[in-house]
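File shown here: upload.pdb, holding PDB, C-alpha atoms.
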ATOM      1  CA  MET U 279      88.883  89.789  49.164
ATOM      2  CA  ARG U 280      87.685  86.980  51.309
ATOM      3  CA  ARG U 281      89.639  84.505  49.282
ATOM      4  CA  VAL U 282      92.796  86.540  49.717
ATOM      5  CA  ALA U 283      92.237  86.614  53.464
ATOM      6  CA  ALA U 284      91.712  82.861  53.578
ATOM      7  CA  ALA U 285      94.762  82.267  51.455
ATOM      8  CA  SER U 286      96.950  84.482  53.592
ATOM      9  CA  PHE U 287      95.611  82.783  56.703
ATOM     10  CA  GLY U 288      96.488  79.435  55.154
ATOM     11  CA  LEU U 289      99.944  80.711  54.332
ATOM     12  CA  LEU U 290     100.339  81.946  57.902
ATOM     13  CA  VAL U 291      99.373  78.520  59.279
ATOM     14  CA  PHE U 292     101.839  76.920  56.874
ATOM     15  CA  LEU U 293     104.605  79.294  57.915
ATOM     16  CA  PHE U 294     104.050  78.620  61.577
ATOM     17  CA  ALA U 295     103.897  74.898  60.965
ATOM     18  CA  ALA U 296     107.264  75.190  59.273
ATOM     19  CA  THR U 297     108.859  77.047  62.192
ATOM     20  CA  ALA U 298     108.584  74.215  64.671
ATOM     21  CA  GLY U 299     112.263  74.311  65.682
ATOM     22  CA  ALA U 300     113.780  74.915  69.071
ATOM     23  CA  VAL U 301     114.175  78.620  68.331
ATOM     24  CA  GLN U 302     112.777  80.746  71.117
ATOM     25  CA  PRO U 303     110.893  83.960  70.270
ATOM     26  CA  ASP U 304     113.456  86.089  72.107
ATOM     27  CA  GLU U 305     116.246  84.665  69.949
ATOM     28  CA  MET U 306     114.616  85.678  66.671
ATOM     29  CA  LEU U 307     115.737  88.572  64.511
ATOM     30  CA  LYS U 308     113.205  91.302  63.775
ATOM     31  CA  ASP U 309     113.844  91.261  60.041
ATOM     32  CA  PRO U 310     111.983  88.185  58.665
ATOM     33  CA  ALA U 311     114.389  87.807  55.747
ATOM     34  CA  LEU U 312     117.438  87.732  58.028
ATOM     35  CA  GLU U 313     115.632  85.410  60.433
ATOM     36  CA  ALA U 314     114.841  83.038  57.545
ATOM     37  CA  ARG U 315     118.530  83.093  56.601
ATOM     38  CA  ALA U 316     119.493  82.338  60.200
ATOM     39  CA  ARG U 317     117.023  79.437  60.290
ATOM     40  CA  ALA U 318     118.299  77.976  57.024
ATOM     41  CA  LEU U 319     121.894  78.294  58.189
ATOM     42  CA  SER U 320     121.300  76.795  61.638
ATOM     43  CA  GLU U 321     119.584  73.802  60.048
ATOM     44  CA  GLN U 322     122.973  72.957  58.525
ATOM     45  CA  ILE U 323     124.905  73.258  61.792
ATOM     46  CA  ARG U 324     125.256  70.241  64.037
ATOM     47  CA  CYS U 325     124.521  70.506  67.721
ATOM     48  CA  LEU U 326     127.692  69.068  69.246
ATOM     49  CA  VAL U 327     125.839  68.002  72.370
ATOM     50  CA  CYS U 328     123.106  65.961  70.657
ATOM     51  CA  GLN U 329     125.215  65.289  67.535
ATOM     52  CA  ASN U 330     122.433  64.106  65.250
ATOM     53  CA  GLU U 331     120.312  67.196  65.652
ATOM     54  CA  SER U 332     120.848  70.556  64.058
ATOM     55  CA  ILE U 333     121.169  73.533  66.360
ATOM     56  CA  ASP U 334     117.833  74.644  64.912
ATOM     57  CA  ASP U 335     116.158  71.552  66.388
ATOM     58  CA  SER U 336     118.152  71.117  69.551
ATOM     59  CA  GLU U 337     117.057  72.273  72.982
ATOM     60  CA  ALA U 338     120.631  72.074  74.304
ATOM     61  CA  SER U 339     122.013  75.221  75.836
ATOM     62  CA  LEU U 340     125.040  75.161  73.527
ATOM     63  CA  ALA U 341     122.677  75.086  70.529
ATOM     64  CA  HIS U 342     120.951  78.162  71.934
ATOM     65  CA  ASP U 343     124.307  79.932  72.233
ATOM     66  CA  LEU U 344     125.196  79.137  68.633
ATOM     67  CA  ARG U 345     121.782  80.207  67.325
ATOM     68  CA  VAL U 346     122.231  83.544  69.060
ATOM     69  CA  LEU U 347     125.801  83.801  67.783
ATOM     70  CA  ILE U 348     124.749  83.109  64.182
ATOM     71  CA  ARG U 349     122.045  85.769  64.404
ATOM     72  CA  LYS U 350     124.479  88.273  65.863
ATOM     73  CA  GLN U 351     126.933  87.662  63.032
ATOM     74  CA  ILE U 352     124.171  87.901  60.424
ATOM     75  CA  LYS U 353     123.167  91.247  61.885
ATOM     76  CA  GLU U 354     126.782  92.357  61.643
ATOM     77  CA  GLY U 355     126.604  91.644  57.926
ATOM     78  CA  ARG U 356     128.651  88.466  57.736
ATOM     79  CA  THR U 357     127.948  86.058  54.895
ATOM     80  CA  ASN U 358     126.821  82.463  55.422
ATOM     81  CA  ALA U 359     130.200  81.211  54.235
ATOM     82  CA  GLN U 360     132.008  83.447  56.728
ATOM     83  CA  ILE U 361     129.844  82.223  59.591
ATOM     84  CA  ARG U 362     130.351  78.610  58.587
ATOM     85  CA  THR U 363     134.116  79.140  58.450
ATOM     86  CA  PHE U 364     133.995  80.803  61.869
ATOM     87  CA  LEU U 365     132.267  77.752  63.350
ATOM     88  CA  VAL U 366     134.463  75.203  61.558
ATOM     89  CA  GLN U 367     137.635  76.952  62.767
ATOM     90  CA  ARG U 368     136.454  76.545  66.359
ATOM     91  CA  TYR U 369     134.498  73.303  66.412
ATOM     92  CA  GLY U 370     135.918  71.402  63.421
ATOM     93  CA  THR U 371     134.192  70.210  60.244
ATOM     94  CA  PHE U 372     131.989  67.900  62.313
ATOM     95  CA  VAL U 373     129.926  70.972  63.141
ATOM     96  CA  LEU U 374     128.630  70.923  59.560
ATOM     97  CA  LEU U 375     125.821  68.396  59.124
ATOM     98  CA  LYS U 376     126.769  68.030  55.477
ATOM     99  CA  PRO U 377     130.417  66.962  55.350
ATOM    100  CA  PRO U 378     132.597  68.939  52.930
ATOM    101  CA  PHE U 379     134.018  67.193  49.863
ATOM    102  CA  ARG U 380     137.727  66.685  50.459
ATOM    103  CA  ALA U 381     140.381  63.962  50.544
ATOM    104  CA  SER U 382     139.394  62.647  53.972
ATOM    105  CA  THR U 383     135.722  62.353  52.988
ATOM    106  CA  LEU U 384     136.235  60.830  49.524
ATOM    107  CA  VAL U 385     135.149  57.361  50.678
ATOM    108  CA  LEU U 386     132.057  58.858  52.248
ATOM    109  CA  TRP U 387     131.024  60.770  49.128
ATOM    110  CA  LEU U 388     132.125  58.370  46.407
ATOM    111  CA  GLY U 389     131.759  55.053  48.273
ATOM    112  CA  PRO U 390     128.101  54.483  47.368
ATOM    113  CA  LEU U 391     128.804  55.296  43.712
ATOM    114  CA  VAL U 392     131.724  52.847  43.663
ATOM    115  CA  VAL U 393     129.558  50.143  45.227
ATOM    116  CA  LEU U 394     126.800  50.832  42.683
ATOM    117  CA  LEU U 395     129.214  50.667  39.748
ATOM    118  CA  ALA U 396     130.875  47.517  41.114
ATOM    119  CA  GLY U 397     127.450  45.916  41.493
ATOM    120  CA  ALA U 398     126.441  46.899  37.972
ATOM    121  CA  ALA U 399     129.716  45.582  36.575
ATOM    122  CA  GLY U 400     129.298  42.336  38.503
ATOM    123  CA  MET U 401     125.767  41.897  37.196
ATOM    124  CA  ALA U 402     126.800  42.632  33.626
ATOM    125  CA  LEU U 403     129.612  40.075  33.834
ATOM    126  CA  TYR U 404     127.307  37.507  35.383
ATOM    127  CA  PHE U 405     124.602  37.828  32.749
ATOM    128  CA  ARG U 406     127.066  37.842  29.912
ATOM    129  CA  SER U 407     128.766  34.662  31.087
ATOM    130  CA  ARG U 408     125.413  32.984  31.675
ATOM    131  CA  LYS U 409     124.308  33.828  28.156
ATOM    132  CA  ARG U 410     127.503  32.422  26.749
ATOM    133  CA  GLU U 411     127.229  29.213  28.731
ATOM    134  CA  ALA U 412     123.533  28.826  28.103
ATOM    135  CA  ALA U 413     123.645  29.463  24.357
ATOM    136  CA  PRO U 414     125.235  26.163  23.163
ATOM    137  CA  ALA U 415     122.981  24.026  25.329
ATOM    138  CA  ASP U 416     119.780  25.727  24.246
ATOM    139  CA  ALA U 417     120.449  26.277  20.570
ATOM    140  CA  LEU U 418     119.087  23.713  18.153
ATOM    141  CA  SER U 419     121.049  22.400  15.247
ATOM    142  CA  PRO U 420     119.667  23.173  11.753
ATOM    143  CA  LYS U 421     118.560  19.540  11.581
ATOM    144  CA  GLU U 422     116.605  19.822  14.842
ATOM    145  CA  LEU U 423     115.104  23.109  13.729
ATOM    146  CA  ALA U 424     113.844  21.485  10.544
ATOM    147  CA  ARG U 425     112.206  18.784  12.625
ATOM    148  CA  VAL U 426     110.522  21.359  14.865
ATOM    149  CA  GLU U 427     109.149  23.033  11.751
ATOM    150  CA  ARG U 428     107.772  19.734  10.512
ATOM    151  CA  LEU U 429     106.227  18.873  13.876
ATOM    152  CA  LEU U 430     104.541  22.251  14.074
ATOM    153  CA  ARG U 431     103.060  21.818  10.639
ATOM    154  CA  GLY U 432     101.489  18.555  11.764
ATOM    155  CA  GLY U 433     104.027  16.199  10.282
ATOM    156  CA  ASP U 434     105.730  13.674  12.524
ATOM    157  CA  GLY U 435     108.265  10.960  12.721
ATOM    158  CA  PRO U 436     112.027  11.175  12.802
ATOM    159  CA  ALA U 437     113.807  12.890   9.988
TER     160      ALA U 437
ATOM    161  CA  MET O 146     140.962  30.921  38.694
ATOM    162  CA  LYS O 147     137.311  31.234  37.890
ATOM    163  CA  ARG O 148     136.401  29.867  41.319
ATOM    164  CA  LEU O 149     138.319  32.700  42.975
ATOM    165  CA  VAL O 150     135.702  35.142  41.736
ATOM    166  CA  PHE O 151     133.399  33.778  44.407
ATOM    167  CA  LEU O 152     135.866  34.963  47.039
ATOM    168  CA  VAL O 153     135.468  38.585  45.959
ATOM    169  CA  PRO O 154     132.324  39.232  48.041
ATOM    170  CA  LEU O 155     133.996  37.632  51.049
ATOM    171  CA  VAL O 156     137.081  39.819  50.688
ATOM    172  CA  VAL O 157     134.921  42.916  50.233
ATOM    173  CA  PHE O 158     132.915  41.940  53.306
ATOM    174  CA  ILE O 159     136.037  41.461  55.433
ATOM    175  CA  CYS O 160     137.421  44.846  54.383
ATOM    176  CA  LEU O 161     134.140  46.576  55.127
ATOM    177  CA  ALA O 162     133.713  44.778  58.457
ATOM    178  CA  ALA O 163     137.258  45.711  59.514
ATOM    179  CA  TYR O 164     136.701  49.349  58.516
ATOM    180  CA  LEU O 165     133.363  49.616  60.305
ATOM    181  CA  GLY O 166     134.661  47.605  63.261
ATOM    182  CA  TYR O 167     137.459  50.141  63.670
ATOM    183  CA  GLY O 168     134.801  52.850  63.691
ATOM    184  CA  LEU O 169     133.071  51.136  66.591
ATOM    185  CA  THR O 170     136.190  51.335  68.739
ATOM    186  CA  ARG O 171     136.181  55.128  68.518
ATOM    187  CA  ASP O 172     133.994  57.227  70.769
ATOM    188  CA  SER O 173     131.991  59.481  68.479
ATOM    189  CA  ARG O 174     131.302  61.867  71.345
ATOM    190  CA  ILE O 175     134.954  62.816  71.544
ATOM    191  CA  LEU O 176     135.796  65.299  68.824
ATOM    192  CA  PRO O 177     139.325  66.266  67.876
ATOM    193  CA  SER O 178     140.106  69.839  68.795
ATOM    194  CA  THR O 179     140.912  72.156  65.932
ATOM    195  CA  LEU O 180     143.306  73.981  68.243
ATOM    196  CA  ILE O 181     145.944  71.281  68.633
ATOM    197  CA  ASN O 182     149.417  72.753  67.934
ATOM    198  CA  LYS O 183     147.857  76.160  67.347
ATOM    199  CA  PRO O 184     148.105  79.220  69.559
ATOM    200  CA  ALA O 185     145.417  79.487  72.212
ATOM    201  CA  PRO O 186     142.534  81.600  70.910
ATOM    202  CA  ASN O 187     142.061  85.248  71.713
ATOM    203  CA  PHE O 188     139.950  85.722  74.789
ATOM    204  CA  ASP O 189     139.805  87.967  77.809
ATOM    205  CA  LEU O 190     137.653  86.989  80.761
ATOM    206  CA  PRO O 191     137.005  88.886  83.993
ATOM    207  CA  ALA O 192     137.809  87.219  87.304
ATOM    208  CA  LEU O 193     135.242  84.833  88.723
ATOM    209  CA  ILE O 194     136.116  85.697  92.290
ATOM    210  CA  PRO O 195     135.876  89.443  92.981
ATOM    211  CA  GLY O 196     139.390  90.733  93.592
ATOM    212  CA  GLY O 197     140.915  87.582  92.079
ATOM    213  CA  ALA O 198     142.728  87.116  88.780
ATOM    214  CA  GLY O 199     140.876  86.844  85.466
ATOM    215  CA  LEU O 200     142.146  84.937  82.460
ATOM    216  CA  LYS O 201     143.234  86.090  79.017
ATOM    217  CA  THR O 202     145.366  84.798  76.149
ATOM    218  CA  ALA O 203     148.519  86.613  77.282
ATOM    219  CA  ASP O 204     148.386  84.831  80.676
ATOM    220  CA  LEU O 205     149.140  81.535  78.927
ATOM    221  CA  LYS O 206     152.488  82.582  77.468
ATOM    222  CA  GLY O 207     155.915  81.862  78.893
ATOM    223  CA  HIS O 208     155.199  78.687  80.853
ATOM    224  CA  VAL O 209     153.547  75.286  80.654
ATOM    225  CA  SER O 210     150.037  75.297  82.064
ATOM    226  CA  LEU O 211     146.680  73.553  82.135
ATOM    227  CA  VAL O 212     143.383  75.162  81.244
ATOM    228  CA  ASN O 213     140.351  73.496  82.757
ATOM    229  CA  VAL O 214     136.782  74.295  81.731
ATOM    230  CA  PHE O 215     134.412  73.706  84.615
ATOM    231  CA  ALA O 216     130.987  74.597  85.974
ATOM    232  CA  SER O 217     129.167  74.057  89.240
ATOM    233  CA  TRP O 218     126.269  72.355  87.418
ATOM    234  CA  CYS O 219     128.606  69.818  85.838
ATOM    235  CA  VAL O 220     128.683  66.502  87.693
ATOM    236  CA  PRO O 221     131.836  65.050  86.045
ATOM    237  CA  CYS O 222     133.618  68.291  87.028
ATOM    238  CA  ARG O 223     132.877  67.420  90.627
ATOM    239  CA  ALA O 224     134.249  63.936  90.031
ATOM    240  CA  GLU O 225     137.548  65.109  88.550
ATOM    241  CA  HIS O 226     138.004  68.122  90.813
ATOM    242  CA  PRO O 227     140.131  66.477  93.554
ATOM    243  CA  ILE O 228     142.867  65.715  91.024
ATOM    244  CA  TRP O 229     143.622  69.387  90.411
ATOM    245  CA  ALA O 230     144.792  69.970  93.973
ATOM    246  CA  THR O 231     147.201  67.041  93.584
ATOM    247  CA  VAL O 232     148.331  68.300  90.194
ATOM    248  CA  ALA O 233     148.968  71.806  91.464
ATOM    249  CA  ALA O 234     151.180  70.368  94.194
ATOM    250  CA  GLU O 235     152.958  67.612  92.228
ATOM    251  CA  ALA O 236     153.268  68.722  88.624
ATOM    252  CA  LYS O 237     153.979  72.299  89.604
ATOM    253  CA  VAL O 238     152.067  73.793  86.730
ATOM    254  CA  PRO O 239     149.506  76.528  87.174
ATOM    255  CA  ILE O 240     145.950  75.423  86.542
ATOM    256  CA  TYR O 241     143.778  78.036  84.953
ATOM    257  CA  GLY O 242     140.041  77.739  85.173
ATOM    258  CA  ILE O 243     137.380  78.825  82.740
ATOM    259  CA  ASN O 244     134.105  78.906  84.613
ATOM    260  CA  TRP O 245     131.737  78.065  81.773
ATOM    261  CA  LYS O 246     128.040  78.935  81.463
ATOM    262  CA  ASP O 247     127.685  79.212  85.217
ATOM    263  CA  LYS O 248     126.406  81.673  87.802
ATOM    264  CA  ARG O 249     128.926  83.533  89.895
ATOM    265  CA  GLU O 250     127.342  82.811  93.296
ATOM    266  CA  GLN O 251     126.946  79.131  92.521
ATOM    267  CA  ALA O 252     130.456  78.801  91.145
ATOM    268  CA  THR O 253     132.081  80.532  94.116
ATOM    269  CA  ALA O 254     130.032  78.448  96.557
ATOM    270  CA  TRP O 255     131.068  75.309  94.678
ATOM    271  CA  LEU O 256     134.756  76.277  94.907
ATOM    272  CA  LYS O 257     134.370  77.004  98.606
ATOM    273  CA  GLU O 258     132.974  73.511  99.090
ATOM    274  CA  MET O 259     135.352  71.660  96.755
ATOM    275  CA  GLY O 260     138.497  73.725  97.216
ATOM    276  CA  ASN O 261     140.078  76.120  94.738
ATOM    277  CA  PRO O 262     143.157  74.749  92.945
ATOM    278  CA  TYR O 263     143.099  77.430  90.229
ATOM    279  CA  THR O 264     145.722  80.141  89.897
ATOM    280  CA  ARG O 265     143.375  82.229  87.755
ATOM    281  CA  ILE O 266     139.721  81.793  86.933
ATOM    282  CA  GLY O 267     137.997  83.499  84.023
ATOM    283  CA  TYR O 268     134.271  83.951  84.364
ATOM    284  CA  ASP O 269     132.458  83.012  81.144
ATOM    285  CA  PRO O 270     128.712  82.929  81.840
ATOM    286  CA  ASP O 271     127.624  83.498  78.246
ATOM    287  CA  ASN O 272     130.071  81.174  76.458
ATOM    288  CA  LYS O 273     132.113  83.985  74.922
ATOM    289  CA  ALA O 274     135.494  82.369  75.449
ATOM    290  CA  GLY O 275     133.905  78.921  75.205
ATOM    291  CA  VAL O 276     133.102  79.486  71.534
ATOM    292  CA  GLU O 277     136.666  80.618  70.843
ATOM    293  CA  TRP O 278     138.018  77.461  72.473
ATOM    294  CA  GLY O 279     135.462  75.244  70.734
ATOM    295  CA  VAL O 280     134.148  74.024  74.080
ATOM    296  CA  TYR O 281     131.139  71.755  73.618
ATOM    297  CA  GLY O 282     130.783  70.348  77.108
ATOM    298  CA  ALA O 283     132.276  70.471  80.560
ATOM    299  CA  PRO O 284     134.764  69.475  81.761
ATOM    300  CA  GLU O 285     137.421  69.992  79.113
ATOM    301  CA  THR O 286     141.111  70.263  79.837
ATOM    302  CA  TYR O 287     143.857  71.712  77.659
ATOM    303  CA  VAL O 288     147.629  71.438  77.992
ATOM    304  CA  ILE O 289     149.364  74.666  76.964
ATOM    305  CA  ASP O 290     153.065  74.910  76.109
ATOM    306  CA  ARG O 291     155.497  77.746  76.799
ATOM    307  CA  LYS O 292     154.642  79.554  73.592
ATOM    308  CA  GLY O 293     150.996  79.567  74.540
ATOM    309  CA  ARG O 294     150.051  76.870  72.038
ATOM    310  CA  VAL O 295     147.443  74.196  72.734
ATOM    311  CA  ARG O 296     149.163  70.817  72.675
ATOM    312  CA  TYR O 297     146.573  68.408  74.033
ATOM    313  CA  LYS O 298     142.907  68.305  74.899
ATOM    314  CA  VAL O 299     140.916  66.007  77.138
ATOM    315  CA  VAL O 300     137.149  65.939  76.739
ATOM    316  CA  GLY O 301     135.406  64.746  79.876
ATOM    317  CA  PRO O 302     136.795  64.254  83.368
ATOM    318  CA  VAL O 303     140.517  63.734  83.963
ATOM    319  CA  PHE O 304     141.271  60.912  86.352
ATOM    320  CA  GLU O 305     144.561  59.628  87.679
ATOM    321  CA  GLN O 306     145.188  57.287  84.772
ATOM    322  CA  THR O 307     144.763  59.921  82.050
ATOM    323  CA  PHE O 308     146.808  62.310  84.106
ATOM    324  CA  ASN O 309     149.700  59.937  84.767
ATOM    325  CA  GLU O 310     149.798  58.382  81.315
ATOM    326  CA  LYS O 311     149.050  61.327  79.054
ATOM    327  CA  ILE O 312     149.179  64.706  80.742
ATOM    328  CA  LEU O 313     152.141  64.352  83.102
ATOM    329  CA  PRO O 314     154.574  62.933  80.484
ATOM    330  CA  LEU O 315     153.497  65.683  78.114
ATOM    331  CA  ILE O 316     154.060  68.377  80.739
ATOM    332  CA  ARG O 317     157.568  67.004  81.363
ATOM    333  CA  GLN O 318     158.302  66.977  77.648
ATOM    334  CA  LEU O 319     156.955  70.499  77.175
ATOM    335  CA  ARG O 320     159.089  71.773  80.017
ATOM    336  CA  LYS O 321     162.186  70.640  78.107
ATOM    337  CA  GLU O 322     161.111  72.496  74.981
ATOM    338  CA  SER O 323     162.302  76.043  74.880
TER     339      SER O 323
END
Do you think you could lay out the structure here as C-alpha cells?
Amino acid sequence: MRRVAAASFGLLVFLFAATAGAVQPDEMLKDPALEARARALSEQIRCLVCQNESIDDSEASLAHDLRVLIRKQIKEGRTNAQIRTFLVQRYGTFVLLKPPFRASTLVLWLGPLVVLLAGAAGMALYFRSRKREAAPADALSPKELARVERLLRGGDGPA
Amino acid sequence: MKRLVFLVPLVVFICLAAYLGYGLTRDSRILPSTLINKPAPNFDLPALIPGGAGLKTADLKGHVSLVNVFASWCVPCRAEHPIWATVAAEAKVPIYGINWKDKREQATAWLKEMGNPYTRIGYDPDNKAGVEWGVYGAPETYVIDRKGRVRYKVVGPVFEQTFNEKILPLIRQLRKES
C-alpha cells in the first residue's frame, strides 16, 4: 500500500515536472485527457510573436489566445487535423513548427539526405581511385616476392 | 578534366552561400498573409466608440478601402498614426480600424489624443476577428479591393515611403478595376 502511494506520488511529481509550459491554470480543460491532447497539439504550433517557441511555451498574449482557442475547439469536438487546418488557413504553414512535406519544402526535407548521399558517393569514388593508383606502386613483382620469402627464411643476397 | 573535380566543392559552396545569403536579405518576422487575393474573412465586430459604426465583412464590399489593426498599447501604431489623417484626405479611401486586444477606455482616450481618422472601428478585445485575419502583431494594414478581397498586407507601421510607393499606386490601380 505504502509502495503504491510512493509510486503514485512519484508519478505526480513527474507529471507536474512535465507540465512546465506557459499554460495558466485557468486556461486548462477539466478533462485531463482533453487537456493532454491540447498540450500535445499546442507544442506543435509556433508562436508567431516569438517564432522559435511553441504556443505551449510562450508567454506572449497571442500564444495565450491560441491556447484558449485550441481548447475551445477541442471541447467542441474538432479533431487535431481540423484545428491545424484552421490555424494554417489563417496564419499560414509557418504556424506549424514541423513544416509539411510538399514541393516548396522538398529542399528542406530531402536536402540533408542528398548531401549525405553526395558525401558518401564522393568518399567511395575517392577511396576507389586511391586504391587503383596505389596498387601498382605497392605491389611486388613475383621476383621481388620470391626474394622477400628468401629474406624472411634467413637467406640473403640478391637473386 | 580530372582537375575540375576539385572545383565541385567550390561550386557547391557558392550555390549554398548564394541561397543562404538570399535568406539573410529577407525579414523572417514578416510572414506572407494567407489572405492575399482572397475575400476578407467573416467577422462582425461591435463599434469601439459607443454610438459609432462597428465593422463587419459586408462593410468592405463595393469600394476600395484600408483596414488598419491598431491598439493603444502599441508603440509603432502611435508612430504611424499621423499618416492615416493624410491618407483619408488625399487618397480618398475609407480607413477602417480594428481595435485589437485593447481596452475600450484606453482606446477611446488614445483616439481622442491622436485624432480619429477611421470611418468605422470594430472593437476586438479578445482577438476574435484578429484570428480570422491572421493578425499576429499590431499594427497591420490591409488593402481591400471593390469585391472585398484582400490585395495587400503591411506588417508593422506604414510610413510615407511604403504608402507612396506601394499602397497609393495599388489603390489607384484597384479603383480602375471594376
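In this model, the gap between CA of Gln322 (chain U) and CA of Leu374 (chain U) comes to 6.1 Å.
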Picked residues, the PyMOL selection byres ((chain O and resi 169-180) around 12), expected as an MDAnalysis selection string: (chainID U and resid 325:330 364:373) or (chainID O and resid 162:168 181:187 277:282 285:289 293:301)
Atomic distance CA of Ala224 (chain O) - CA of Ala236 (chain O), expressed in Å with one decimal: 19.7 Å
Hits of the PyMOL selection byres ((chain O and resi 211) around 12) in this structure, as a PyMOL selection string: chain O and resi 185+204-206+208-210+212-214+229+232-233+236-243+262-266+285-291+293-299+303+308+312-313+315-316+319
Those residues you just picked out, can you put them in a file as a PDB file, in the frame of the given file with C-alpha atoms?
ATOM      1  CA  ALA O 185     145.417  79.487  72.212  1.00  0.00           C
ATOM      2  CA  ASP O 204     148.386  84.831  80.676  1.00  0.00           C
ATOM      3  CA  LEU O 205     149.140  81.535  78.927  1.00  0.00           C
ATOM      4  CA  LYS O 206     152.488  82.582  77.468  1.00  0.00           C
ATOM      5  CA  HIS O 208     155.199  78.687  80.853  1.00  0.00           C
ATOM      6  CA  VAL O 209     153.547  75.286  80.654  1.00  0.00           C
ATOM      7  CA  SER O 210     150.037  75.297  82.064  1.00  0.00           C
ATOM      8  CA  VAL O 212     143.383  75.162  81.244  1.00  0.00           C
ATOM      9  CA  ASN O 213     140.351  73.496  82.757  1.00  0.00           C
ATOM     10  CA  VAL O 214     136.782  74.295  81.731  1.00  0.00           C
ATOM     11  CA  TRP O 229     143.622  69.387  90.411  1.00  0.00           C
ATOM     12  CA  VAL O 232     148.331  68.300  90.194  1.00  0.00           C
ATOM     13  CA  ALA O 233     148.968  71.806  91.464  1.00  0.00           C
ATOM     14  CA  ALA O 236     153.268  68.722  88.624  1.00  0.00           C
ATOM     15  CA  LYS O 237     153.979  72.299  89.604  1.00  0.00           C
ATOM     16  CA  VAL O 238     152.067  73.793  86.730  1.00  0.00           C
ATOM     17  CA  PRO O 239     149.506  76.528  87.174  1.00  0.00           C
ATOM     18  CA  ILE O 240     145.950  75.423  86.542  1.00  0.00           C
ATOM     19  CA  TYR O 241     143.778  78.036  84.953  1.00  0.00           C
ATOM     20  CA  GLY O 242     140.041  77.739  85.173  1.00  0.00           C
ATOM     21  CA  ILE O 243     137.380  78.825  82.740  1.00  0.00           C
ATOM     22  CA  PRO O 262     143.157  74.749  92.945  1.00  0.00           C
ATOM     23  CA  TYR O 263     143.099  77.430  90.229  1.00  0.00           C
ATOM     24  CA  THR O 264     145.722  80.141  89.897  1.00  0.00           C
ATOM     25  CA  ARG O 265     143.375  82.229  87.755  1.00  0.00           C
ATOM     26  CA  ILE O 266     139.721  81.793  86.933  1.00  0.00           C
ATOM     27  CA  GLU O 285     137.421  69.992  79.113  1.00  0.00           C
ATOM     28  CA  THR O 286     141.111  70.263  79.837  1.00  0.00           C
ATOM     29  CA  TYR O 287     143.857  71.712  77.659  1.00  0.00           C
ATOM     30  CA  VAL O 288     147.629  71.438  77.992  1.00  0.00           C
ATOM     31  CA  ILE O 289     149.364  74.666  76.964  1.00  0.00           C
ATOM     32  CA  ASP O 290     153.065  74.910  76.109  1.00  0.00           C
ATOM     33  CA  ARG O 291     155.497  77.746  76.799  1.00  0.00           C
ATOM     34  CA  GLY O 293     150.996  79.567  74.540  1.00  0.00           C
ATOM     35  CA  ARG O 294     150.051  76.870  72.038  1.00  0.00           C
ATOM     36  CA  VAL O 295     147.443  74.196  72.734  1.00  0.00           C
ATOM     37  CA  ARG O 296     149.163  70.817  72.675  1.00  0.00           C
ATOM     38  CA  TYR O 297     146.573  68.408  74.033  1.00  0.00           C
ATOM     39  CA  LYS O 298     142.907  68.305  74.899  1.00  0.00           C
ATOM     40  CA  VAL O 299     140.916  66.007  77.138  1.00  0.00           C
ATOM     41  CA  VAL O 303     140.517  63.734  83.963  1.00  0.00           C
ATOM     42  CA  PHE O 308     146.808  62.310  84.106  1.00  0.00           C
ATOM     43  CA  ILE O 312     149.179  64.706  80.742  1.00  0.00           C
ATOM     44  CA  LEU O 313     152.141  64.352  83.102  1.00  0.00           C
ATOM     45  CA  LEU O 315     153.497  65.683  78.114  1.00  0.00           C
ATOM     46  CA  ILE O 316     154.060  68.377  80.739  1.00  0.00           C
ATOM     47  CA  LEU O 319     156.955  70.499  77.175  1.00  0.00           C
TER      48      LEU O 319
END
Nearby residues (all atoms listed in the file) at most 7 Å from region 299-309 of chain U, same-chain spacing under 2 positions excluded, as an NGL selection string: :U and (297 or 311-313 or 334-337 or 346 or 349)
Close residues, Ala316 (chain U) itself excluded, 8 Å, all atoms listed in the file, min 6 positions apart in chain, as a PyMOL selection string: chain U and resi 345+348-349+352
Length of the CA of Gly275 (chain O) to CA of Asn358 (chain U) vector [Å]: 21.3 Å
Can you tell me, as a CSV table (one decimal) with C-alpha atoms, in the coordinates of the input, what residues are no more than 9 Å from Asp269 (chain O) when counting only C-alpha atoms, ignoring any on the same chain fewer than 4 positions away?
chain,number,residue,atom,x,y,z
O,190,LEU,CA,137.7,87.0,80.8
O,191,PRO,CA,137.0,88.9,84.0
O,193,LEU,CA,135.2,84.8,88.7
O,243,ILE,CA,137.4,78.8,82.7
O,244,ASN,CA,134.1,78.9,84.6
O,245,TRP,CA,131.7,78.1,81.8
O,246,LYS,CA,128.0,78.9,81.5
O,247,ASP,CA,127.7,79.2,85.2
O,273,LYS,CA,132.1,84.0,74.9
O,274,ALA,CA,135.5,82.4,75.4
O,275,GLY,CA,133.9,78.9,75.2
Calculate, to one decimal in Å, the centre and edge lengths of the box along x, y and z of the file that holds all listed atoms of region 305-313 of chain U with 5 Å of margin on each side, and present them as AutoDock Vina command-line options.
--center_x 114.7 --center_y 88.0 --center_z 62.8 --size_x 15.5 --size_y 16.6 --size_z 24.2
Near-Gly400 (chain U) list (12 Å; only C-alpha atoms; drop same-chain fewer than 5 positions) as a PyMOL selection string: (chain U and resi 392-395+405-407) or (chain O and resi 150-151+153-154)
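Comparing the minimum interatomic distances between Arg362 (chain U) and each of U:Leu340, U:Leu423, U:Leu319, U:Ala396, counting all atoms listed in the file, we find that U:Leu319 sits nearest.
Nearest residue to Lys376 (chain U) among U:Ile323, U:Arg281, U:Arg356, U:Gly432 is U:Ile323, counting all atoms listed in the file.
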Top pick for closest residue to chain U, considering O:Ile194, O:Glu235, O:Gln251, O:Asn272 and counting all atoms listed in the file: O:Asn272
